[in-house]
>>> print(open('final.csv').read())   # CSV, C-alpha atoms and all ligand atoms
chain,number,residue,atom,x,y,z
Q,1,MET,CA,6.1,-5.5,8.9
Q,2,ALA,CA,4.2,-4.8,12.1
Q,3,ASP,CA,2.9,-7.6,14.3
Q,4,SER,CA,0.6,-9.7,12.2
Q,5,GLU,CA,-1.8,-10.0,15.2
Q,6,ALA,CA,-3.0,-6.5,14.0
Q,7,PHE,CA,-4.4,-8.0,10.8
Q,8,ASP,CA,-7.7,-9.6,9.9
Q,9,PHE,CA,-7.3,-12.9,8.2
Q,10,GLN,CA,-11.1,-13.4,7.8
Q,11,ILE,CA,-11.0,-17.0,9.2
Q,12,ALA,CA,-14.8,-17.1,9.7
Q,13,ARG,CA,-15.4,-16.1,6.0
Q,14,ILE,CA,-12.9,-18.8,4.9
Q,15,ILE,CA,-14.6,-21.5,6.9
Q,16,ASP,CA,-18.0,-20.4,5.4
Q,17,VAL,CA,-16.6,-20.6,1.9
Q,18,ILE,CA,-15.2,-24.1,2.5
Q,19,ARG,CA,-18.5,-25.3,3.9
Q,20,ASP,CA,-20.6,-23.7,1.2
Q,21,THR,CA,-18.5,-25.2,-1.6
Q,22,ASN,CA,-17.9,-28.6,0.1
Q,23,ALA,CA,-14.2,-28.2,-0.5
Q,24,THR,CA,-12.2,-31.1,0.9
Q,25,VAL,CA,-8.7,-30.1,-0.1
Q,26,VAL,CA,-7.8,-26.5,0.6
Q,27,GLY,CA,-4.7,-24.6,-0.3
Q,28,LEU,CA,-3.3,-21.6,1.6
Q,29,GLN,CA,-0.8,-19.2,0.1
Q,30,PHE,CA,0.8,-16.4,2.2
Q,31,PRO,CA,3.2,-13.6,1.3
Q,32,GLU,CA,6.6,-13.7,3.1
Q,33,GLY,CA,5.5,-11.3,5.9
Q,34,PHE,CA,2.5,-13.6,6.9
Q,35,LYS,CA,4.1,-17.0,6.5
Q,36,ARG,CA,4.8,-17.3,10.2
Q,37,ARG,CA,1.0,-17.3,10.8
Q,38,ALA,CA,0.4,-20.1,8.3
Q,39,SER,CA,0.6,-23.0,10.7
Q,40,GLY,CA,-1.8,-21.5,13.2
Q,41,ILE,CA,-4.3,-20.5,10.5
Q,42,ALA,CA,-4.2,-23.9,8.9
Q,43,HIS,CA,-4.9,-25.6,12.2
Q,44,GLU,CA,-7.9,-23.3,12.9
Q,45,ILE,CA,-9.4,-24.1,9.4
Q,46,GLU,CA,-8.7,-27.8,9.7
Q,47,GLU,CA,-10.3,-28.0,13.1
Q,48,ALA,CA,-13.4,-26.2,11.9
Q,49,THR,CA,-13.9,-27.9,8.5
Q,50,GLY,CA,-12.1,-31.2,8.6
Q,51,SER,CA,-10.6,-30.3,5.2
Q,52,GLN,CA,-7.1,-31.3,4.2
Q,53,ILE,CA,-4.9,-28.2,4.1
Q,54,LEU,CA,-1.9,-27.7,1.8
Q,55,ILE,CA,0.3,-24.7,2.5
Q,56,SER,CA,2.3,-23.2,-0.4
Q,57,GLY,CA,6.0,-23.1,0.5
Q,58,ASN,CA,6.9,-21.1,-2.5
Q,59,PRO,CA,7.9,-17.5,-2.4
Q,60,CYS,CA,5.0,-15.1,-2.8
Q,61,PHE,CA,5.5,-11.4,-3.6
Q,62,GLY,CA,2.2,-10.1,-4.9
Q,63,ALA,CA,-1.3,-10.7,-6.3
Q,64,CYS,CA,0.5,-11.6,-9.6
Q,65,ASP,CA,2.2,-14.4,-7.9
Q,66,ILE,CA,-0.5,-17.1,-7.5
Q,67,ASP,CA,0.8,-20.7,-6.9
Q,68,VAL,CA,-0.9,-22.0,-10.0
Q,69,ASP,CA,0.5,-25.5,-9.4
Q,70,LEU,CA,-1.0,-25.7,-6.0
Q,71,ALA,CA,-4.3,-24.2,-7.3
Q,72,HIS,CA,-4.6,-27.1,-9.7
Q,73,ARG,CA,-4.2,-29.6,-6.9
Q,74,VAL,CA,-6.8,-28.2,-4.5
Q,75,ASP,CA,-10.5,-27.5,-4.5
Q,76,ILE,CA,-9.9,-23.9,-3.4
Q,77,LEU,CA,-6.8,-21.8,-2.9
Q,78,PHE,CA,-6.9,-18.9,-0.4
Q,79,HIS,CA,-4.3,-16.3,-1.4
Q,80,PHE,CA,-3.7,-13.9,1.5
Q,81,GLY,CA,-2.5,-10.4,1.7
Q,82,HIS,CA,-3.4,-9.0,-1.8
Q,83,ALA,CA,-6.4,-7.7,-3.7
Q,84,VAL,CA,-7.3,-9.4,-7.0
Q,85,LEU,CA,-5.7,-8.1,-10.2
Q,86,ASP,CA,-7.8,-7.6,-13.3
Q,87,ASP,CA,-6.0,-10.5,-15.1
Q,88,SER,CA,-6.1,-13.3,-12.5
Q,89,SER,CA,-8.5,-15.3,-14.5
Q,90,TYR,CA,-5.9,-18.1,-15.0
Q,91,ALA,CA,-6.7,-19.3,-11.5
Q,92,GLN,CA,-10.5,-19.7,-11.2
Q,93,ASN,CA,-10.6,-21.4,-7.8
Q,94,VAL,CA,-8.6,-18.7,-6.0
Q,95,TYR,CA,-10.1,-16.6,-3.3
Q,96,PHE,CA,-8.2,-13.4,-2.4
Q,97,ILE,CA,-8.1,-12.7,1.3
Q,98,GLU,CA,-7.0,-9.1,1.5
Q,99,VAL,CA,-5.9,-9.1,5.2
Q,100,ARG,CA,-6.9,-5.6,6.3
Q,101,SER,CA,-4.9,-4.0,9.0
Q,102,ASN,CA,-6.6,-3.0,12.3
Q,103,ALA,CA,-4.1,-0.2,12.9
Q,104,GLU,CA,-5.7,3.1,13.7
Q,105,ILE,CA,-4.8,5.8,11.2
Q,106,GLU,CA,-6.5,8.9,12.7
Q,107,LYS,CA,-3.7,9.8,15.1
Q,108,VAL,CA,-1.0,9.7,12.4
Q,109,VAL,CA,-3.1,11.5,9.8
Q,110,ASN,CA,-3.8,14.3,12.4
Q,111,LYS,CA,-0.1,14.4,13.1
Q,112,SER,CA,0.7,14.8,9.3
Q,113,LEU,CA,-1.3,18.1,9.1
Q,114,LYS,CA,1.5,20.3,10.3
Q,115,ASN,CA,3.9,18.8,7.7
Q,116,LEU,CA,1.6,19.1,4.7
Q,117,GLU,CA,2.4,22.1,2.6
Q,118,GLY,CA,0.0,21.8,-0.3
Q,119,GLN,CA,-3.8,22.3,-0.6
Q,120,ARG,CA,-4.8,19.3,-2.8
Q,121,ILE,CA,-3.5,16.2,-1.0
Q,122,GLY,CA,-3.5,12.8,-2.8
Q,123,LEU,CA,-4.1,10.0,-0.5
Q,124,ILE,CA,-2.4,6.7,-1.3
Q,125,THR,CA,-2.0,3.4,0.5
Q,126,THR,CA,-1.7,-0.4,0.1
Q,127,VAL,CA,-4.7,-2.7,0.3
Q,128,GLN,CA,-4.0,-3.3,4.0
Q,129,HIS,CA,-5.2,0.2,4.9
Q,130,VAL,CA,-7.5,1.1,2.0
Q,131,HIS,CA,-10.6,0.8,4.1
Q,132,LYS,CA,-9.3,3.7,6.2
Q,133,LEU,CA,-8.9,6.2,3.4
Q,134,GLN,CA,-12.4,7.7,3.9
Q,135,ALA,CA,-11.6,8.5,7.5
Q,136,ALA,CA,-8.3,10.0,6.5
Q,137,CYS,CA,-10.0,12.1,3.9
Q,138,GLU,CA,-12.5,13.5,6.5
Q,139,ILE,CA,-9.7,14.6,8.7
Q,140,LEU,CA,-7.9,16.4,5.9
Q,141,ARG,CA,-11.2,18.1,4.8
Q,142,SER,CA,-12.0,19.2,8.3
Q,143,HIS,CA,-8.7,21.1,8.2
Q,144,GLY,CA,-9.5,22.8,5.0
Q,145,LYS,CA,-7.5,20.5,2.6
Q,146,VAL,CA,-8.9,19.1,-0.6
Q,147,CYS,CA,-8.6,15.3,-0.5
Q,148,VAL,CA,-8.0,13.4,-3.7
Q,149,VAL,CA,-8.4,9.6,-3.8
Q,150,GLY,CA,-7.7,8.5,-7.4
Q,151,LYS,CA,-9.4,5.6,-9.1
Q,152,GLY,CA,-6.3,4.2,-10.9
Q,153,ASP,CA,-6.4,1.9,-13.9
Q,154,ALA,CA,-8.0,-1.6,-14.2
Q,155,LYS,CA,-5.2,-3.3,-12.2
Q,156,ILE,CA,-6.2,-1.3,-9.1
Q,157,ALA,CA,-9.0,-2.8,-7.0
Q,158,TYR,CA,-9.7,0.2,-4.8
Q,159,PRO,CA,-9.4,3.9,-5.2
Q,160,GLY,CA,-6.2,5.2,-3.6
Q,161,GLN,CA,-4.5,1.8,-3.7
Q,162,VAL,CA,-1.0,1.5,-5.1
Q,163,LEU,CA,1.0,-1.6,-6.0
Q,164,GLY,CA,4.7,-1.9,-6.2
Q,165,CYS,CA,4.2,-1.9,-10.0
Q,166,ASN,CA,1.3,0.4,-10.5
Q,167,PHE,CA,1.0,4.0,-9.3
Q,168,SER,CA,-1.9,5.0,-11.6
Q,169,SER,CA,-4.2,6.0,-8.7
Q,170,ALA,CA,-1.8,8.8,-7.9
Q,171,ARG,CA,-2.0,10.1,-11.5
Q,172,THR,CA,-5.7,10.1,-11.8
Q,173,GLU,CA,-6.0,13.8,-10.8
Q,174,PRO,CA,-3.2,16.4,-10.3
Q,175,CYS,CA,-2.3,16.9,-6.6
Q,176,ASP,CA,0.1,19.3,-4.8
Q,177,GLU,CA,1.6,16.5,-2.8
Q,178,TYR,CA,0.8,13.0,-1.5
Q,179,LEU,CA,0.2,11.4,1.8
Q,180,TYR,CA,1.1,7.7,1.9
Q,181,ILE,CA,-0.5,5.7,4.7
Q,182,GLY,CA,1.7,2.7,5.4
Q,183,SER,CA,5.1,1.6,6.6
Q,184,GLY,CA,7.3,0.9,3.6
Q,185,TYR,CA,9.3,3.1,1.2
Q,186,PHE,CA,8.9,1.4,-2.2
Q,187,HIS,CA,5.4,2.5,-3.0
Q,188,PRO,CA,5.8,6.2,-2.0
Q,189,MET,CA,9.1,6.2,-4.0
Q,190,GLY,CA,7.2,5.0,-7.1
Q,191,VAL,CA,4.6,7.7,-6.6
Q,192,ALA,CA,7.3,10.4,-6.1
Q,193,LEU,CA,9.0,9.4,-9.4
Q,194,SER,CA,5.8,8.9,-11.2
Q,195,THR,CA,4.3,12.3,-10.3
Q,196,GLY,CA,7.3,14.4,-9.6
Q,197,ARG,CA,5.6,15.5,-6.3
Q,198,ARG,CA,6.5,15.5,-2.6
Q,199,VAL,CA,5.4,12.4,-0.8
Q,200,LEU,CA,5.0,12.2,3.0
Q,201,ILE,CA,4.8,8.8,4.7
Q,202,ALA,CA,2.3,8.5,7.6
Q,203,ASP,CA,3.2,5.3,9.4
Q,204,PRO,CA,0.3,4.2,11.5
Q,205,PHE,CA,2.2,1.3,13.2
Q,206,VAL,CA,4.7,3.6,14.9
Q,207,ASN,CA,2.7,6.9,14.6
Q,208,GLU,CA,5.5,8.6,12.7
Q,209,ILE,CA,5.6,11.1,9.8
Q,210,ARG,CA,8.6,10.7,7.5
Q,211,GLU,CA,9.5,12.8,4.5
Q,212,LEU,CA,10.5,10.7,1.6
Q,213,ASP,CA,14.0,11.2,0.2
Q,214,ILE,CA,14.6,9.6,-3.1
Q,215,SER,CA,18.1,10.8,-3.6
Q,216,LYS,CA,19.7,7.5,-2.5
Q,217,VAL,CA,17.7,5.4,-4.9
Q,218,LEU,CA,18.3,7.9,-7.8
Q,219,LYS,CA,22.1,7.7,-7.1
Q,220,GLN,CA,21.8,3.9,-7.3
Q,221,ARG,CA,19.9,4.0,-10.5
Q,222,SER,CA,22.3,6.5,-12.0
Q,223,ALA,CA,25.2,4.1,-11.2
Q,224,VAL,CA,23.4,1.1,-12.8
Q,225,ILE,CA,22.7,3.1,-15.9
Q,226,GLY,CA,26.3,4.4,-16.0
Q,227,LYS,CA,27.7,0.8,-15.7
Q,228,SER,CA,25.5,-0.3,-18.6
Q,229,LEU,CA,26.5,2.4,-21.1
Q,230,ASP,CA,29.2,0.3,-22.8
Q,231,ALA,CA,27.1,-2.9,-22.7
Q,232,THR,CA,26.9,-4.7,-26.1
Q,233,LEU,CA,25.1,-7.9,-25.0
Q,234,PHE,CA,22.0,-7.7,-22.8
Q,235,GLY,CA,20.0,-10.5,-21.1
Q,236,ILE,CA,16.3,-9.6,-21.0
Q,237,ILE,CA,14.6,-11.4,-18.1
Q,238,VAL,CA,11.0,-12.6,-18.7
Q,239,CYS,CA,9.2,-14.1,-15.7
Q,240,SER,CA,7.0,-17.2,-16.5
Q,241,LYS,CA,4.5,-16.4,-13.7
Q,242,PRO,CA,1.3,-15.6,-15.5
Q,243,GLY,CA,0.8,-12.3,-13.6
Q,244,GLN,CA,4.3,-11.0,-14.4
Q,245,GLU,CA,5.0,-12.4,-17.9
Q,246,ARG,CA,5.7,-9.5,-20.3
Q,247,MET,CA,7.0,-11.3,-23.4
Q,248,GLN,CA,5.7,-8.6,-25.8
Q,249,LEU,CA,7.7,-5.9,-23.9
Q,250,ALA,CA,10.8,-8.2,-24.0
Q,251,LEU,CA,10.5,-8.6,-27.7
Q,252,LYS,CA,10.1,-4.9,-28.2
Q,253,LEU,CA,13.2,-4.2,-26.1
Q,254,GLN,CA,15.2,-6.8,-28.0
Q,255,ASN,CA,14.3,-5.1,-31.3
Q,256,MET,CA,15.2,-1.7,-29.8
Q,257,ILE,CA,18.6,-3.0,-28.6
Q,258,ARG,CA,19.4,-4.6,-32.0
Q,259,LYS,CA,18.4,-1.3,-33.8
Q,260,HIS,CA,21.2,0.3,-31.8
Q,261,GLY,CA,23.8,-2.3,-33.2
Q,262,LYS,CA,23.9,-4.3,-29.9
Q,263,ASP,CA,22.4,-7.7,-29.1
Q,264,ALA,CA,20.1,-9.3,-26.5
Q,265,ARG,CA,19.1,-12.7,-25.4
Q,266,ILE,CA,15.7,-13.4,-23.8
Q,267,ILE,CA,16.0,-15.4,-20.6
Q,268,MET,CA,12.8,-17.0,-19.3
Q,269,MET,CA,12.5,-18.0,-15.7
Q,270,ASP,CA,10.1,-18.5,-12.8
Q,271,LEU,CA,11.8,-17.1,-9.7
Q,272,VAL,CA,14.3,-14.3,-10.6
Q,273,THR,CA,17.1,-14.2,-8.1
Q,274,PRO,CA,20.8,-13.1,-8.3
Q,275,ASP,CA,21.9,-16.7,-7.8
Q,276,GLN,CA,19.7,-18.0,-10.7
Q,277,LEU,CA,21.4,-15.4,-13.0
Q,278,LEU,CA,25.0,-16.0,-11.8
Q,279,GLN,CA,26.1,-18.2,-14.6
Q,280,PHE,CA,24.8,-16.0,-17.5
Q,281,LYS,CA,27.5,-14.0,-19.1
Q,282,VAL,CA,26.0,-10.7,-20.4
Q,283,ASP,CA,27.1,-7.1,-19.9
Q,284,ALA,CA,23.8,-6.0,-18.4
Q,285,PHE,CA,20.3,-7.5,-17.6
Q,286,VAL,CA,17.0,-5.8,-18.3
Q,287,ASN,CA,14.2,-6.9,-16.0
Q,288,THR,CA,10.7,-7.3,-17.4
Q,289,ALA,CA,9.6,-9.4,-14.3
Q,290,CYS,CA,8.3,-7.8,-11.1
Q,291,PRO,CA,9.5,-4.1,-11.4
Q,292,ARG,CA,10.6,-4.2,-7.7
Q,293,LEU,CA,13.4,-6.6,-8.4
Q,294,ALA,CA,15.9,-4.3,-10.0
Q,295,ILE,CA,15.4,-1.7,-7.3
Q,296,ASP,CA,15.2,-4.0,-4.2
Q,297,GLU,CA,18.1,-6.2,-5.3
Q,298,VAL,CA,20.4,-3.5,-6.6
Q,299,GLY,CA,24.0,-4.5,-6.5
Q,300,ARG,CA,23.3,-8.2,-6.0
Q,301,PHE,CA,23.4,-9.3,-9.6
Q,302,ASN,CA,26.6,-10.2,-11.4
Q,303,ALA,CA,25.9,-7.5,-14.1
Q,304,PRO,CA,23.9,-4.3,-13.8
Q,305,MET,CA,20.1,-4.9,-13.8
Q,306,LEU,CA,18.2,-2.2,-15.7
Q,307,THR,CA,14.5,-1.6,-15.8
Q,308,PRO,CA,12.9,-1.1,-19.2
Q,309,PRO,CA,12.7,2.8,-18.8
Q,310,GLU,CA,16.4,2.7,-17.8
Q,311,LEU,CA,17.4,0.7,-20.9
Q,312,GLU,CA,15.8,3.5,-23.0
Q,313,ILE,CA,18.1,6.0,-21.3
Q,314,VAL,CA,21.1,3.7,-21.8
Q,315,LEU,CA,20.3,3.5,-25.5
Q,316,GLY,CA,19.8,7.3,-25.8
Q,317,GLU,CA,16.1,6.9,-26.6
Q,318,LYS,CA,15.2,8.9,-23.4
Q,319,LYS,CA,16.9,11.3,-21.1
Q,320,TRP,CA,17.8,10.9,-17.4
Q,321,GLU,CA,15.2,13.5,-16.6
Q,322,ASP,CA,12.5,11.1,-18.0
Q,323,LEU,CA,13.4,8.4,-15.5
Q,324,VAL,CA,10.4,6.7,-13.9
Q,325,PHE,CA,9.9,3.4,-12.1
Q,326,ASP,CA,8.9,0.6,-14.3
Q,327,GLU,CA,5.1,-0.1,-14.0
Q,328,ILE,CA,2.8,-2.9,-15.2
Q,329,THR,CA,-0.3,-0.9,-16.1
Q,330,ALA,CA,-3.7,-2.1,-17.5
E,1,LIG,FE1,3.7,-6.8,-6.6
E,1,LIG,FE2,5.7,-7.2,-8.3
E,1,LIG,FE3,3.5,-8.6,-8.6
E,1,LIG,FE4,3.5,-6.0,-9.1
E,1,LIG,S1,4.6,-7.5,-10.2
E,1,LIG,S2,1.9,-7.1,-8.0
E,1,LIG,S3,4.9,-5.2,-7.5
E,1,LIG,S4,4.9,-8.7,-6.9
>>> encode(input="final.csv", output="structure tokens", more="lines below")
Ligand code: SF4
Amino acid sequence: MADSEAFDFQIARIIDVIRDTNATVVGLQFPEGFKRRASGIAHEIEEATGSQILISGNPCFGACDIDVDLAHRVDILFHFGHAVLDDSSYAQNVYFIEVRSNAEIEKVVNKSLKNLEGQRIGLITTVQHVHKLQAACEILRSHGKVCVVGKGDAKIAYPGQVLGCNFSSARTEPCDEYLYIGSGYFHPMGVALSTGRRVLIADPFVNEIRELDISKVLKQRSAVIGKSLDATLFGIIVCSKPGQERMQLALKLQNMIRKHGKDARIIMMDLVTPDQLLQFKVDAFVNTACPRLAIDEVGRFNAPMLTPPELEIVLGEKKWEDLVFDEITA
């Protein structure tokens, strides 16, 4: 991640909220990339409001990942770096502080023009840059392109926003190709697999255009599927975090596995890591927790870790050509 100095943590708004609500105990929760700013931000808030600050030390990977235990212990929990999800009602006293990036995008969008081949360009980004999509659209339009910023489903807070588990905004309207504004590879990979279209990455932090190549991840997924073909016992992972829990899907997958004459156990856990799964003896895992896990941690589990769409391929319910990233849609 780029220097977090370039992000707006909305400290003045946080102080106003604390004063308006007379909160005396305040929780702060940061995703991994912003944790190094936690101490300084806590100090600023404490100085201004006199409130007792508790910082969540637990891992935090997304808007789905609210520290519910901390939320119950404080008057207000400020959750940084993500936009609210449609189903976050389990934590009523949580304020989402989106942490918008101050990075200029004009230069890199202008730079992308010579690499764009299609006419209808789908613009996609994460919540950090979503406020800059209008400006990006204007640049594309002024050069004769049609700019598409899809609304997405109910999990998506802003048009054009994508999550690591939801690419619905890219599918709202057909596009010739996509321009992703941001620095990572995971979201554009999901869009490429979900739409079958070319995705260019416009990285505003280093002013660089990169053509996305999904061949490496496809090779990895093909290897994971190949290693699971002879599996007879599966471990289906269900995450107990309220925003990630997909028990219904797990039960459906268990039934599907059993219909094919194989067996499956459901393993429920909070934090899913290779170490936590080390002692379970199964032939393959199927992950219904955060869809990024199977992709980001590939090769680190003691048995192949499939996504639900990949399990369907292993069981012969779907073909390799049907492969998509797993999504949590509304
Ligand atoms: Fe992000 Fe994963 Fe949560 Fe989706 S499930 S919001 S990708 S952490």
>>> residues_around(input="final.csv", residues="Ala289 in chain Q", least_positions_apart="2", cutoff="10 Å", atoms="only C-alpha atoms", output="number ranges by chain")
Q: 236-241, 243-247, 250, 268-272, 286-287, 291-294, 307, 328
>>> atom_distance(input="final.csv", atom1="CA of Met305 in chain Q", atom2="CA of Leu277 in chain Q")
10.6 Å
>>> atom_distance(input="final.csv", atom1="CA of Lys219 in chain Q", atom2="CA of Val199 in chain Q")
18.5 Å
>>> residues_near_ligand(input="final.csv", ligand="ligand LIG 1 (chain E)", cutoff="10 Å", atoms="all atoms listed in the file", output="PDB file with C-alpha atoms, keeping the file's coordinate frame")
ATOM      1  CA  PRO Q  31       3.200 -13.600   1.300  1.00  0.00           C
ATOM      2  CA  CYS Q  60       5.000 -15.100  -2.800  1.00  0.00           C
ATOM      3  CA  PHE Q  61       5.500 -11.400  -3.600  1.00  0.00           C
ATOM      4  CA  GLY Q  62       2.200 -10.100  -4.900  1.00  0.00           C
ATOM      5  CA  ALA Q  63      -1.300 -10.700  -6.300  1.00  0.00           C
ATOM      6  CA  CYS Q  64       0.500 -11.600  -9.600  1.00  0.00           C
ATOM      7  CA  ASP Q  65       2.200 -14.400  -7.900  1.00  0.00           C
ATOM      8  CA  ILE Q  66      -0.500 -17.100  -7.500  1.00  0.00           C
ATOM      9  CA  HIS Q  82      -3.400  -9.000  -1.800  1.00  0.00           C
ATOM     10  CA  ALA Q  83      -6.400  -7.700  -3.700  1.00  0.00           C
ATOM     11  CA  VAL Q  84      -7.300  -9.400  -7.000  1.00  0.00           C
ATOM     12  CA  LEU Q  85      -5.700  -8.100 -10.200  1.00  0.00           C
ATOM     13  CA  LYS Q 155      -5.200  -3.300 -12.200  1.00  0.00           C
ATOM     14  CA  VAL Q 162      -1.000   1.500  -5.100  1.00  0.00           C
ATOM     15  CA  LEU Q 163       1.000  -1.600  -6.000  1.00  0.00           C
ATOM     16  CA  GLY Q 164       4.700  -1.900  -6.200  1.00  0.00           C
ATOM     17  CA  CYS Q 165       4.200  -1.900 -10.000  1.00  0.00           C
ATOM     18  CA  ASN Q 166       1.300   0.400 -10.500  1.00  0.00           C
ATOM     19  CA  PHE Q 186       8.900   1.400  -2.200  1.00  0.00           C
ATOM     20  CA  HIS Q 187       5.400   2.500  -3.000  1.00  0.00           C
ATOM     21  CA  CYS Q 239       9.200 -14.100 -15.700  1.00  0.00           C
ATOM     22  CA  LYS Q 241       4.500 -16.400 -13.700  1.00  0.00           C
ATOM     23  CA  GLY Q 243       0.800 -12.300 -13.600  1.00  0.00           C
ATOM     24  CA  GLN Q 244       4.300 -11.000 -14.400  1.00  0.00           C
ATOM     25  CA  GLU Q 245       5.000 -12.400 -17.900  1.00  0.00           C
ATOM     26  CA  THR Q 288      10.700  -7.300 -17.400  1.00  0.00           C
ATOM     27  CA  ALA Q 289       9.600  -9.400 -14.300  1.00  0.00           C
ATOM     28  CA  CYS Q 290       8.300  -7.800 -11.100  1.00  0.00           C
ATOM     29  CA  PRO Q 291       9.500  -4.100 -11.400  1.00  0.00           C
ATOM     30  CA  ARG Q 292      10.600  -4.200  -7.700  1.00  0.00           C
ATOM     31  CA  LEU Q 293      13.400  -6.600  -8.400  1.00  0.00           C
ATOM     32  CA  ASP Q 326       8.900   0.600 -14.300  1.00  0.00           C
ATOM     33  CA  GLU Q 327       5.100  -0.100 -14.000  1.00  0.00           C
ATOM     34  CA  ILE Q 328       2.800  -2.900 -15.200  1.00  0.00           C
ATOM     35  CA  THR Q 329      -0.300  -0.900 -16.100  1.00  0.00           C
TER      36      THR Q 329
END
>>> atom_distance(input="final.csv", atom1="CA of Gln161 in chain Q", atom2="CA of Asn115 in chain Q")
22.1 Å
>>> residues_near_point(input="final.csv", point="(25.9, -9.7, -15.3)", cutoff="8 Å", atoms="all atoms listed in the file", output="PDB file with C-alpha atoms, in the frame of the given file")
ATOM      1  CA  LEU Q 277      21.400 -15.400 -13.000  1.00  0.00           C
ATOM      2  CA  LEU Q 278      25.000 -16.000 -11.800  1.00  0.00           C
ATOM      3  CA  PHE Q 280      24.800 -16.000 -17.500  1.00  0.00           C
ATOM      4  CA  LYS Q 281      27.500 -14.000 -19.100  1.00  0.00           C
ATOM      5  CA  VAL Q 282      26.000 -10.700 -20.400  1.00  0.00           C
ATOM      6  CA  ASP Q 283      27.100  -7.100 -19.900  1.00  0.00           C
ATOM      7  CA  ALA Q 284      23.800  -6.000 -18.400  1.00  0.00           C
ATOM      8  CA  PHE Q 285      20.300  -7.500 -17.600  1.00  0.00           C
ATOM      9  CA  PHE Q 301      23.400  -9.300  -9.600  1.00  0.00           C
ATOM     10  CA  ASN Q 302      26.600 -10.200 -11.400  1.00  0.00           C
ATOM     11  CA  ALA Q 303      25.900  -7.500 -14.100  1.00  0.00           C
ATOM     12  CA  PRO Q 304      23.900  -4.300 -13.800  1.00  0.00           C
ATOM     13  CA  MET Q 305      20.100  -4.900 -13.800  1.00  0.00           C
TER      14      MET Q 305
END
>>> closest_residue(input="final.csv", among="Q:Ile14, Q:Leu253, Q:Val26, Q:Ile41", to="Leu70 in chain Q", atoms="all atoms listed in the file")
Q:Val26
>>> closest_residue(input="final.csv", among="Q:Cys175, Q:Leu54, Q:Leu306, Q:Ile105", to="Val206 in chain Q", atoms="all atoms listed in the file")
Q:Ile105
>>> decode(input="final.csv", residues="range 162-166 of chain Q", atoms="all heavy atoms", output="mmCIF file, in the first residue's frame")
data_model
loop_
_atom_site.group_PDB
_atom_site.id
_atom_site.type_symbol
_atom_site.label_atom_id
_atom_site.label_comp_id
_atom_site.auth_asym_id
_atom_site.auth_seq_id
_atom_site.Cartn_x
_atom_site.Cartn_y
_atom_site.Cartn_z
ATOM 1 N N VAL Q 162 -15.674 -2.078 -6.495
ATOM 2 C CA VAL Q 162 -15.604 -3.537 -6.429
ATOM 3 C C VAL Q 162 -15.002 -3.941 -5.093
ATOM 4 O O VAL Q 162 -14.202 -3.210 -4.510
ATOM 5 C CB VAL Q 162 -14.772 -4.159 -7.586
ATOM 6 C CG1 VAL Q 162 -15.548 -4.195 -8.882
ATOM 7 C CG2 VAL Q 162 -13.437 -3.443 -7.783
ATOM 8 N N LEU Q 163 -15.432 -5.106 -4.603
ATOM 9 C CA LEU Q 163 -14.844 -5.699 -3.398
ATOM 10 C C LEU Q 163 -14.064 -6.929 -3.838
ATOM 11 O O LEU Q 163 -14.255 -7.431 -4.948
ATOM 12 C CB LEU Q 163 -15.956 -6.139 -2.428
ATOM 13 C CG LEU Q 163 -16.941 -5.086 -1.951
ATOM 14 C CD1 LEU Q 163 -18.083 -5.757 -1.181
ATOM 15 C CD2 LEU Q 163 -16.238 -4.067 -1.077
ATOM 16 N N GLY Q 164 -13.248 -7.449 -2.950
ATOM 17 C CA GLY Q 164 -12.534 -8.684 -3.276
ATOM 18 C C GLY Q 164 -13.472 -9.865 -3.439
ATOM 19 O O GLY Q 164 -13.085 -10.921 -3.936
ATOM 20 N N CYS Q 165 -14.725 -9.703 -3.022
ATOM 21 C CA CYS Q 165 -15.703 -10.791 -3.131
ATOM 22 C C CYS Q 165 -16.943 -10.361 -3.899
ATOM 23 O O CYS Q 165 -17.972 -11.025 -3.811
ATOM 24 C CB CYS Q 165 -16.113 -11.258 -1.736
ATOM 25 S SG CYS Q 165 -16.833 -9.923 -0.758
ATOM 26 N N ASN Q 166 -16.868 -9.253 -4.605
ATOM 27 C CA ASN Q 166 -18.073 -8.815 -5.321
ATOM 28 C C ASN Q 166 -17.673 -7.907 -6.488
ATOM 29 O O ASN Q 166 -17.170 -6.805 -6.290
ATOM 30 C CB ASN Q 166 -19.014 -8.065 -4.371
ATOM 31 C CG ASN Q 166 -20.361 -7.790 -4.999
ATOM 32 O OD1 ASN Q 166 -20.431 -7.239 -6.095
ATOM 33 N ND2 ASN Q 166 -21.429 -8.173 -4.334
#
